[in-house]
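*Asks:* I have a structure I would like to understand better, so I am pasting it below and will then ask my questions one at a time.
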Amino acid sequence: MNDYLALLDGLDGLDPATNLAERLAAFAVGPIPRNDALALLALAEKAAQAKQWQAAAQLYALTMVSSFIGPAQEAYRVEHAKRILLLMTGREAELGSAIDLLLYGHRRMTASLRADGMHAPHMEEWTIAAVGRLLRDAPARVAALQTAMSELRLGNNRVGKIYQSEVSAVRNVLTCALRPHVGDAAQAGDAAQAAQADASRRRGVKHLRWLRVAVAAAIVVGYVCRHTFPLPVSPALDRLGIASWLRGGLIAWPVLLVATWVFARFESIRTQAYRYLSPCHLLDSDRIVTGEVVPFYQDGFFHVFQWVWLFLLVIAWMLFRQWQTLEAWLPTVRYEPAQNGFARFVASLAGWVAVHVPALAGFWTHPVAFLGCDILALGAGVGLCVAAVRKQRKIQRDRIGNNKDFYWWDFRINPTEWWIRLAMVGLDMFLVAFLVVKVLLILFAAIGLVAMNTLPVAYFAPDGVGGLKNLTDVLMYLSWIVFLFGMFVFASLYMHWNLHEYRASDLRLVYAYIVLVALLVVPLTVLDHKLGAAGEDQIRQLAASADPTLMKPDAALTKPDEAAHKKLDEVAKYVQNVGALRAWKVSAVHVGILGNPVLPLGFQFVVILLQSLGRAGKLPRWPGTILGDVSGAKGGDDAH
């Protein structure tokens with residue numbers, strides 16, 4: 001109670017529209033006594049304001065059970081509960097007794113579950129299980145709620161009029177929750193729970209067995225099809241057999257992603273963490289759980305993280321295929337004067353295992369030679385894998401230590417699922433880092449090809465990009481990879497909005513995205529400028545080859561003789577040629593939105609930048625009030 005009084009003193013006189021969340025967040029740092037209804041009510045209202053619905057429902061369940069303990073302090077408790085609600089919502093609360101506080105907790109609990117999308121049968125199951133869980137091995141609570149049952153009747157003047165509609169529902173919840181804790185029913189209930197636990201354990205063993213079969217199938221598929229993936233690597237890695245393992249791993253990767261997602265889905269159903277988290281997870285420890293409570297189907301970032309790599313793999317496959325085509329095409333079109341320097345430049349791309357800097361190939365060969373080193377690619381993969389695994393383990397330790405942010409894959413729910421997910425995070429980050437290094441190599445090589453000016457432009461080539469379609473296709477696939485990365489950054493910012501442990505990593509993702517967009521715009525812009533210059537050159541050539549007299553006014557043109565008609569035809573033909581030349585669509589950037597997503601990249605850049613600034617508090621907030629009653633029927637007004 002002293003902790004609550006300290007909180008109340010800090011909130012006294014505080015404007016409810018400012019800084020309330022920050023003040024209350026500090027209150028959840030230490031353990032909160034389970035019978036302190038006032039402290040629990042304050043945290044429940046904060047969770048409801050943050051739309052952390054299941055965390056709010058858990059706290060309202062605790063408030064509901066604790067509200068009738070200590071009848072000697074009833075007037076004190078009710079009065080200060082009204083002050084809490086006034087501070088949190090800015091509205092007067094109609095509370096006249098402890099039974100009103102109990103009914104209020106039930107109303108807010110069910111409203112929070114409804115706002116979380118839970119259906120009525122599941123809501124009733126959740127509320128009964130939550131109250132029953134809180135009554136286990138708690139005789140004082142059982143006795144208090146048995147006393148409350150005697151007052152839950154229509155016509156009782158201690159029940160406020162606004163809460164009369166809750167009486168029947170709460171009587172049903174308490175009757176069902178109290179039944180296993182009275183007499184012989186307690187032993188029968190324990191036996192039933194033991195049987196359920198044993199059946200759940202057997203299902204878990206079955207799921208794990210099927211996962212092992214899927215992993216074995218992925219290994220076989222990767223081994224058989226390993227030569228089909230066009231991964232560019234150095235001859236040294238091929239000789240050592242590492243390239244074969246990498247290609248096989250990339251082939252097996254999609255199978256592992258699908259298998260682990262299916263395993264996670266069925267395991268979340270088994271552990272009662274699929275559509276909502278069972279109260280047995282939230283109410284099983286000595287300290288309450290605060291923050292986000294996320295079941296499997298609501299964990300959007302997990303689903304993005306699980307499936308985005310499939311799109312990356314497909315686009316990378318097409319990019320590497322196109323790069324092979326480009327390498328075969330380059331010797332047939334490059335200018336002879338640049339033969340020596342360009343030959344060394346191309347040779348540097350073949351020797352990717354050693355850092356080799358050709359002297360005559362231009363500035364861009366330096367980063368190409370450095371990033372093209374397979375040792376760097378492998379080191380980046382291992383480094384990112386280790387960093388990601390360490391970060392996930394630290395997050396889990398912190399969450400266990402603080403009892404904060406409970407997710408369906410949490411170690412406290414399913415240790416096996418957590419370790420499997422951790423292994424997949426490590427594998428994902430290793431393969432992604434290796435692919436990203438290879439993609440960056442091709443991006444720098446494309447910049448080098450454009451900057452070195454060694455490719456001729458056939459302006460009237462039917463591909464619409466000056467006969468450079470092999471090169472622009474490489475840039476197109478690079479654009480799609482950057483676009484996909486931008487979508488991943490967008491999802492990470494949105495899904496991790498309330499999770500402080502991801503702030504630094506998400507900010508690094510934003511910086512990386514900005515750099516990639518800038519690097520991609522460089523070759524597209526330079527190439528587009530060269531194509532435009534080639535068009536102007538064609539017009540100059542056309543003007544130089546035309547008869548100078550065509551453009552001079554001539555009185556003979558007004559005479560309808562044969563010479564005049566002939567000259568008019570020549571003028572018309574010249575104008576038609578110039579018009580056709582100007583109408584010819586040759587552009588590396590505007591070849592098509594679907595073919596080259598430059599405009600979507602720009603839109604992404606603006607959205608991600610604004611979102612990052614808003615998250616960092618650099619943008620002004622929209623004016624508004626604290627929504628303390630958003631968890632009503634539609635998150636609305638039935639809370640009071």
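Note on naming: chains are A, B, ... as they come in the structure tokens, residues start from 1 per chain, ligands start from 1 in the order shown.
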If you count only C-alpha atoms, which residues fall within 8 Å of Tyr276 of chain A, apart from same-chain ones fewer than 2 positions away, as a list in words?

*Replies:*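 My reading of the contact set: Gln54, Met118, Gln272, Ala273, Tyr274, Ser278, Val294, Pro295 and Phe296 of chain A.
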
*Asks:* Residues of the last selection are to be written out with N, CA and C atoms, as a tab-separated table (two decimals), in the first residue's frame.

*Replies:*
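Saved file selection_30.tsv follows:
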```
chain	number	residue	atom	x	y	z
A	54	GLN	N	-4.53	-8.10	-23.50
A	54	GLN	CA	-4.46	-9.27	-22.62
A	54	GLN	C	-3.69	-8.97	-21.34
A	118	MET	N	-11.21	-11.58	-29.11
A	118	MET	CA	-11.56	-12.89	-28.59
A	118	MET	C	-13.07	-13.10	-28.67
A	272	GLN	N	-1.74	-23.38	-25.74
A	272	GLN	CA	-2.77	-22.35	-25.53
A	272	GLN	C	-2.19	-20.94	-25.68
A	273	ALA	N	-1.51	-20.76	-26.81
A	273	ALA	CA	-0.92	-19.44	-27.10
A	273	ALA	C	-1.14	-19.07	-28.56
A	274	TYR	N	-2.19	-19.61	-29.18
A	274	TYR	CA	-2.42	-19.38	-30.61
A	274	TYR	C	-3.20	-18.08	-30.84
A	278	SER	N	-3.09	-18.23	-22.63
A	278	SER	CA	-3.85	-18.76	-21.52
A	278	SER	C	-3.46	-18.06	-20.21
A	294	VAL	N	1.45	-11.15	-26.56
A	294	VAL	CA	1.22	-11.37	-27.99
A	294	VAL	C	1.08	-12.87	-28.27
A	295	PRO	N	-0.10	-13.32	-28.72
A	295	PRO	CA	-0.25	-14.71	-29.15
A	295	PRO	C	0.32	-14.92	-30.55
A	296	PHE	N	0.29	-16.16	-31.01
A	296	PHE	CA	0.92	-16.51	-32.29
A	296	PHE	C	0.33	-15.74	-33.46
```

*Asks:* Quick one, how far is atom CA of Trp261 of chain A from atom CA of Val220 of chain A?

*Replies:*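 The value is 19.4 Å.
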
*Asks:* Select, from A:Tyr297, A:Trp210, A:Trp245, A:Tyr477, the residue with the minimum atom-to-atom distance to Ala316 of chain A, counting only C-alpha atoms.

*Replies:*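 With only C-alpha atoms as the atom set, the closest residue is A:Tyr477.
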
*Asks:* Please, what distance in Å, to one decimal, runs between atom CA of Tyr502 of chain A and atom CA of Gly426 of chain A?

*Replies:*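 Between these atoms lies a distance of 16.9 Å.
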
*Asks:* Write down as an NGL selection string the residues belonging to segment 113-302 of chain A that are assigned strand (DSSP E or B) by DSSP computed on the backbone.

*Replies:* :A and (290-294)

*Asks:* Using only C-alpha atoms, which of the listed residues (A:Ala534, A:Leu240, A:Leu43, A:Val142) sits closest to Tyr60 of chain A?

*Replies:*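 Using only C-alpha atoms, Tyr60 of chain A sits closest to A:Leu43.
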
*Asks:* Calculate how many Å separate atom CA of Val482 of chain A from atom CA of Leu427 of chain A, rounding to one decimal.

*Replies:*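 Separation between atom CA of Val482 of chain A and atom CA of Leu427 of chain A: 21.2 Å.
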
*Asks:* Nearest to Gln164 of chain A: which of A:Tyr104, A:Phe311, A:Tyr223, A:Phe263 is it, counting only C-alpha atoms?

*Replies:*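 Between A:Tyr104, A:Phe311, A:Tyr223, A:Phe263, the residue approaching Gln164 of chain A most closely is A:Tyr104.
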
*Asks:* Can you tell me which residues surround Asp506 of chain A at a distance of at most 9 Å, considering only C-alpha atoms, apart from same-chain residues fewer than 2 positions away, and format the answer as a PyMOL selection string?

*Replies:* chain A and resi 489+492-493+496+502-504+508-511+612

*Asks:* Please produce a file of those selected residues containing N, CA, C and O atoms, as a JSON list (two decimals), in the first residue's frame.

*Replies:*
```json
[["chain", "number", "residue", "atom", "x", "y", "z"],
["A", 489, "VAL", "N", 12.00, -3.14, -43.11],
["A", 489, "VAL", "CA", 12.28, -2.07, -42.16],
["A", 489, "VAL", "C", 10.98, -1.43, -41.67],
["A", 489, "VAL", "O", 10.80, -1.16, -40.48],
["A", 492, "SER", "N", 9.36, -3.77, -39.25],
["A", 492, "SER", "CA", 10.09, -3.80, -37.98],
["A", 492, "SER", "C", 9.77, -2.58, -37.13],
["A", 492, "SER", "O", 9.53, -2.69, -35.92],
["A", 493, "LEU", "N", 9.75, -1.41, -37.75],
["A", 493, "LEU", "CA", 9.42, -0.19, -37.00],
["A", 493, "LEU", "C", 8.00, -0.25, -36.45],
["A", 493, "LEU", "O", 7.74, 0.13, -35.31],
["A", 496, "HIS", "N", 7.55, -3.21, -33.70],
["A", 496, "HIS", "CA", 8.36, -3.04, -32.49],
["A", 496, "HIS", "C", 8.16, -1.66, -31.86],
["A", 496, "HIS", "O", 9.01, -1.19, -31.12],
["A", 502, "TYR", "N", 14.39, -3.02, -29.18],
["A", 502, "TYR", "CA", 14.64, -3.06, -30.61],
["A", 502, "TYR", "C", 14.91, -1.68, -31.20],
["A", 502, "TYR", "O", 15.10, -1.55, -32.41],
["A", 503, "ARG", "N", 14.90, -0.65, -30.38],
["A", 503, "ARG", "CA", 15.04, 0.70, -30.92],
["A", 503, "ARG", "C", 16.37, 0.89, -31.66],
["A", 503, "ARG", "O", 16.41, 1.41, -32.78],
["A", 504, "ALA", "N", 17.47, 0.49, -31.04],
["A", 504, "ALA", "CA", 18.78, 0.71, -31.65],
["A", 504, "ALA", "C", 18.93, -0.09, -32.95],
["A", 504, "ALA", "O", 19.40, 0.43, -33.97],
["A", 508, "ARG", "N", 19.40, 1.28, -36.88],
["A", 508, "ARG", "CA", 20.47, 0.85, -37.79],
["A", 508, "ARG", "C", 19.90, 0.34, -39.11],
["A", 508, "ARG", "O", 20.49, 0.54, -40.18],
["A", 509, "LEU", "N", 18.75, -0.33, -39.06],
["A", 509, "LEU", "CA", 18.10, -0.78, -40.29],
["A", 509, "LEU", "C", 17.69, 0.41, -41.16],
["A", 509, "LEU", "O", 17.81, 0.36, -42.39],
["A", 510, "VAL", "N", 17.20, 1.47, -40.52],
["A", 510, "VAL", "CA", 16.82, 2.66, -41.28],
["A", 510, "VAL", "C", 18.04, 3.27, -41.97],
["A", 510, "VAL", "O", 17.99, 3.64, -43.15],
["A", 511, "TYR", "N", 19.16, 3.37, -41.25],
["A", 511, "TYR", "CA", 20.38, 3.92, -41.85],
["A", 511, "TYR", "C", 20.83, 3.05, -43.04],
["A", 511, "TYR", "O", 21.21, 3.59, -44.09],
["A", 612, "SER", "N", 10.38, 6.98, -38.36],
["A", 612, "SER", "CA", 11.54, 6.95, -37.47],
["A", 612, "SER", "C", 11.63, 8.24, -36.66],
["A", 612, "SER", "O", 11.93, 8.20, -35.46]]
```

*Asks:* I need the residue nearest Ala48 of chain A from this list: A:Arg91, A:Arg108, A:Lys404, A:His119. Use only C-alpha atoms for the distance.

*Replies:*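 Looking only at the distances to Ala48 of chain A, the closest residue turns out to be A:Arg108.
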
*Asks:* Using only C-alpha atoms, which of A:Leu277, A:Ile447, A:Val457, A:Cys385 sits nearest Ala518 of chain A?

*Replies:*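 Nearest candidate to Ala518 of chain A out of A:Leu277, A:Ile447, A:Val457, A:Cys385: A:Ile447.
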
*Asks:* Neighbours of Leu520 of chain A within 9 Å (only C-alpha atoms; same-chain residues fewer than 5 positions away dropped), as a PDB file with C-alpha atoms, in the first residue's frame?

*Replies:*
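Generated file (part_11.pdb):
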```pdb
ATOM      1  CA  LEU A 443      25.477  -3.398 -56.980  1.00  0.00           C
ATOM      2  CA  ILE A 447      27.916   1.197 -60.557  1.00  0.00           C
ATOM      3  CA  LEU A 475      19.438  -2.964 -61.633  1.00  0.00           C
ATOM      4  CA  LEU A 478      18.575  -4.895 -57.178  1.00  0.00           C
ATOM      5  CA  SER A 479      15.696  -2.397 -56.921  1.00  0.00           C
ATOM      6  CA  VAL A 482      16.052  -2.835 -51.788  1.00  0.00           C
ATOM      7  CA  VAL A 515      22.435   3.986 -47.832  1.00  0.00           C
ATOM      8  CA  THR A 525      20.498   8.287 -62.492  1.00  0.00           C
TER       9      THR A 525
END
```

*Asks:* So which residues of segment 54-229 of chain A fall under alpha helix (DSSP H) by DSSP, listed as a ChimeraX atom specification?

*Replies:* /A:54-66,74-89,98-115,120-135,139-151,167-178,185-224

*Asks:* Write out, as JSON lines, each residue of segment 274-316 of chain A that has an atom at most 10 Å from segment 121-138 of chain A, together with the closest pair of atoms and their distance in Å to one decimal, counting only C-alpha atoms, rows going by chain and rising number.

*Replies:*
```
{"residue": "A:Arg275", "atom": "CA", "partner": "A:His122", "partner_atom": "CA", "distance": 9.5}
{"residue": "A:Tyr276", "atom": "CA", "partner": "A:His122", "partner_atom": "CA", "distance": 9.0}
{"residue": "A:Leu277", "atom": "CA", "partner": "A:Trp126", "partner_atom": "CA", "distance": 9.0}
{"residue": "A:Ser278", "atom": "CA", "partner": "A:Trp126", "partner_atom": "CA", "distance": 6.9}
{"residue": "A:Pro279", "atom": "CA", "partner": "A:Ala130", "partner_atom": "CA", "distance": 5.0}
{"residue": "A:Cys280", "atom": "CA", "partner": "A:Arg133", "partner_atom": "CA", "distance": 6.7}
{"residue": "A:His281", "atom": "CA", "partner": "A:Ala130", "partner_atom": "CA", "distance": 9.9}
{"residue": "A:Leu282", "atom": "CA", "partner": "A:Ala130", "partner_atom": "CA", "distance": 8.8}
{"residue": "A:Leu283", "atom": "CA", "partner": "A:Arg133", "partner_atom": "CA", "distance": 6.9}
{"residue": "A:Asp284", "atom": "CA", "partner": "A:Arg133", "partner_atom": "CA", "distance": 7.8}
```

*Asks:* Please provide as a ChimeraX atom specification all residues within 7 Å of Phe320 of chain A, with the sequence filter that same-chain residues fewer than 4 positions apart are discarded (counting only C-alpha atoms).

*Replies:* /A:230-231,316,324

*Asks:* Got time to write the residues from that selection, N, CA and C atoms, as a JSON list (two decimals), in the first residue's frame?

*Replies:*
```
[["chain", "number", "residue", "atom", "x", "y", "z"],
["A", 230, "PRO", "N", 22.35, -20.52, -58.50],
["A", 230, "PRO", "CA", 23.45, -19.82, -59.20],
["A", 230, "PRO", "C", 24.22, -18.88, -58.30],
["A", 231, "LEU", "N", 24.71, -19.35, -57.18],
["A", 231, "LEU", "CA", 25.43, -18.48, -56.24],
["A", 231, "LEU", "C", 26.83, -18.22, -56.75],
["A", 316, "ALA", "N", 16.99, -12.94, -55.28],
["A", 316, "ALA", "CA", 18.43, -13.14, -55.37],
["A", 316, "ALA", "C", 18.76, -14.20, -56.42],
["A", 324, "GLN", "N", 24.98, -13.75, -64.35],
["A", 324, "GLN", "CA", 25.68, -14.69, -65.23],
["A", 324, "GLN", "C", 25.48, -14.32, -66.70]]
```

*Asks:* Name the closest residue to Val170 of chain A among the candidates A:Ala61, A:Ala252, A:Val213, A:Leu41; distances are taken between atoms, counting only C-alpha atoms.

*Replies:*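 Ranking A:Ala61, A:Ala252, A:Val213, A:Leu41 by distance to Val170 of chain A, first place goes to A:Ala61.
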
*Asks:* List the neighbours of Trp309 of chain A out to 9 Å using only C-alpha atoms; skip same-chain residues closer than 5 positions along the sequence, and give me the result as a list in words.

*Replies:*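 Listing them by chain and then by number gives Trp253, Pro254, Leu257, Val304, Val314, Asp428 and Val432 of chain A.
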